[in-house]
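Participant: Below are the structure tokens for one structure; questions will follow.
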Amino acid sequence: MGLLDLLGLGGKSETVKEFIAKGAIIIDVRTVGEYSNGHISGSKNIVLDQLSSNIDTVKKLNKPVIVCCQSGMRSAQAASLLKKQGIEVVNGGGWQSLQRKL
């Protein structure tokens, strides 16, 4: 396992495609302002600071999750948080980069 794998970035394209095939939802953890300036169609906006208080909401969706943000840093934090809660999740990185992979 390399450094990119530890950061949740290794083999991301393949994993994103696998998650999409399983009906994953995309959660964008940027601020409401950032999200309103552009986002992936169909994604849900849950700001990183509010993610902890929305764990039950995410669990009720009963789907794998792809998290994204502006650059991949906040989504890495979000992925770690969701994994600790037993949610199947992958860090999609920056939303524009993720959009090109869909």
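By order of appearance in the structure tokens: chains A, B, ..., then residues from 1 within every chain, and ligands from 1 in the order shown.
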If we count only C-alpha atoms and set the cut-off at 12 Å, which residues sit around Val89 of chain A, ignoring sequence neighbours fewer than 2 positions away in its own chain? Please answer as a PyMOL selection string.
Facilitator: chain A and resi 8+12+15-16+18-20+22+24-27+58-59+62-68+75-87+91-92
Participant: I'd like the neighbourhood of Asn45 of chain A as a PyMOL selection string, where a residue qualifies if any of its atoms comes within 7 Å (using only C-alpha atoms), though same-chain residues fewer than 2 positions away should be ignored.
Facilitator: chain A and resi 27-29+35+43+47
Participant: Print the selection's residues with N, CA, C and O atoms to a file, as a PDB file, in the first residue's frame.
Facilitator:
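Output file out-v7.pdb follows:
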```pdb
ATOM      1  N   ILE A  27     -21.664  12.966  -2.133  1.00  0.00           N
ATOM      2  CA  ILE A  27     -21.834  14.013  -1.134  1.00  0.00           C
ATOM      3  C   ILE A  27     -20.678  15.000  -1.280  1.00  0.00           C
ATOM      4  O   ILE A  27     -19.511  14.622  -1.189  1.00  0.00           O
ATOM      5  N   ASP A  28     -21.035  16.240  -1.542  1.00  0.00           N
ATOM      6  CA  ASP A  28     -20.076  17.330  -1.689  1.00  0.00           C
ATOM      7  C   ASP A  28     -19.987  18.032  -0.336  1.00  0.00           C
ATOM      8  O   ASP A  28     -20.994  18.515   0.176  1.00  0.00           O
ATOM      9  N   VAL A  29     -18.801  18.076   0.257  1.00  0.00           N
ATOM     10  CA  VAL A  29     -18.655  18.603   1.612  1.00  0.00           C
ATOM     11  C   VAL A  29     -18.153  20.051   1.642  1.00  0.00           C
ATOM     12  O   VAL A  29     -17.770  20.559   2.686  1.00  0.00           O
ATOM     13  N   TYR A  35     -20.643  25.283  -3.224  1.00  0.00           N
ATOM     14  CA  TYR A  35     -21.534  24.343  -3.918  1.00  0.00           C
ATOM     15  C   TYR A  35     -22.432  25.081  -4.908  1.00  0.00           C
ATOM     16  O   TYR A  35     -22.630  24.628  -6.032  1.00  0.00           O
ATOM     17  N   SER A  43     -25.667  15.579  -6.922  1.00  0.00           N
ATOM     18  CA  SER A  43     -24.933  15.417  -5.660  1.00  0.00           C
ATOM     19  C   SER A  43     -25.674  16.099  -4.522  1.00  0.00           C
ATOM     20  O   SER A  43     -26.519  16.967  -4.743  1.00  0.00           O
ATOM     21  N   VAL A  47     -22.103  20.130   4.310  1.00  0.00           N
ATOM     22  CA  VAL A  47     -20.854  20.800   4.668  1.00  0.00           C
ATOM     23  C   VAL A  47     -20.077  19.940   5.666  1.00  0.00           C
ATOM     24  O   VAL A  47     -20.670  19.345   6.575  1.00  0.00           O
TER      25      VAL A  47
END
```
Participant: As a PyMOL selection string, please: every residue in chain A that DSSP puts in strand (DSSP E or B).
Facilitator: chain A and resi 25-28+44-45+65-69+89-94
Participant: Would you mind listing what lies within 12 Å of Gln96 of chain A as number ranges by chain, with only C-alpha atoms counted and same-chain residues fewer than 4 positions away left out?
Facilitator: A: 28, 35, 37-41, 68-72, 92, 100-102
Participant: So that I have them on file, write out the residues from the current selection with N, CA and C atoms, as a compact mmCIF listing (two decimals), in the first residue's frame.
Facilitator:
```
# COMPACT_ATOMS: atom_id res chain seq x y z
N ASP A 28 -21.04 16.24 -1.54
CA ASP A 28 -20.08 17.33 -1.69
C ASP A 28 -19.99 18.03 -0.34
N TYR A 35 -20.64 25.28 -3.22
CA TYR A 35 -21.53 24.34 -3.92
C TYR A 35 -22.43 25.08 -4.91
N ASN A 37 -21.83 27.70 -6.52
CA ASN A 37 -21.06 28.20 -7.67
C ASN A 37 -20.73 27.11 -8.68
N GLY A 38 -21.11 25.87 -8.41
CA GLY A 38 -20.87 24.75 -9.32
C GLY A 38 -20.75 23.46 -8.56
N HIS A 39 -21.39 22.42 -9.08
CA HIS A 39 -21.35 21.11 -8.42
C HIS A 39 -21.76 20.02 -9.41
N ILE A 40 -21.58 18.79 -9.00
CA ILE A 40 -21.98 17.64 -9.82
C ILE A 40 -23.50 17.49 -9.72
N SER A 41 -24.13 17.41 -10.85
CA SER A 41 -25.59 17.25 -10.89
C SER A 41 -26.01 16.01 -10.11
N CYS A 68 -16.73 14.39 -2.14
CA CYS A 68 -15.87 15.29 -2.91
C CYS A 68 -15.87 16.67 -2.27
N CYS A 69 -14.92 17.49 -2.69
CA CYS A 69 -14.82 18.87 -2.20
C CYS A 69 -14.15 19.69 -3.29
N GLN A 70 -13.33 20.65 -2.93
CA GLN A 70 -12.64 21.46 -3.92
C GLN A 70 -11.36 20.79 -4.40
N SER A 71 -10.55 20.31 -3.45
CA SER A 71 -9.24 19.76 -3.82
C SER A 71 -9.02 18.31 -3.40
N GLY A 72 -9.83 17.82 -2.49
CA GLY A 72 -9.65 16.45 -2.00
C GLY A 72 -9.26 16.39 -0.53
N GLY A 92 -13.64 10.88 -3.45
CA GLY A 92 -13.64 11.21 -4.88
C GLY A 92 -12.72 12.36 -5.22
N ARG A 100 -15.22 14.57 -14.19
CA ARG A 100 -14.63 14.05 -15.44
C ARG A 100 -14.56 12.53 -15.44
N LYS A 101 -14.59 11.91 -14.27
CA LYS A 101 -14.50 10.45 -14.17
C LYS A 101 -15.85 9.77 -14.27
N LEU A 102 -16.93 10.56 -14.18
CA LEU A 102 -18.27 9.97 -14.18
C LEU A 102 -18.76 9.70 -15.58
```
Participant: When distances are computed from only C-alpha atoms, which of A:Thr31, A:Trp95, A:Lys60, A:Gly23 shows the smallest separation from Ile46 of chain A?
Facilitator: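 Among the listed residues, the smallest separation from Ile46 of chain A belongs to A:Thr31.
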Participant: Of the residues A:Arg74, A:Leu61, A:Gly33, A:Gly94, which is the one nearest to Leu48 of chain A, using only C-alpha atoms?
Facilitator: A:Arg74
Participant: Just to confirm, what's the straight-line distance from atom CA of Gly42 of chain A to atom CA of Ser97 of chain A in Å (one decimal)?
Facilitator: 15.9 Å
Participant: May I ask for the distance between atom CA of Gln50 of chain A and atom CA of Gly93 of chain A, given in Å to one decimal place?
Facilitator: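 Between atom CA of Gln50 of chain A and atom CA of Gly93 of chain A the gap is 18.5 Å.
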Participant: Could you check how far atom CA of Arg30 of chain A sits from atom CA of Leu51 of chain A, in Å to one decimal?
Facilitator: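 Atom-to-atom, atom CA of Arg30 of chain A and atom CA of Leu51 of chain A are spaced 10.8 Å apart.
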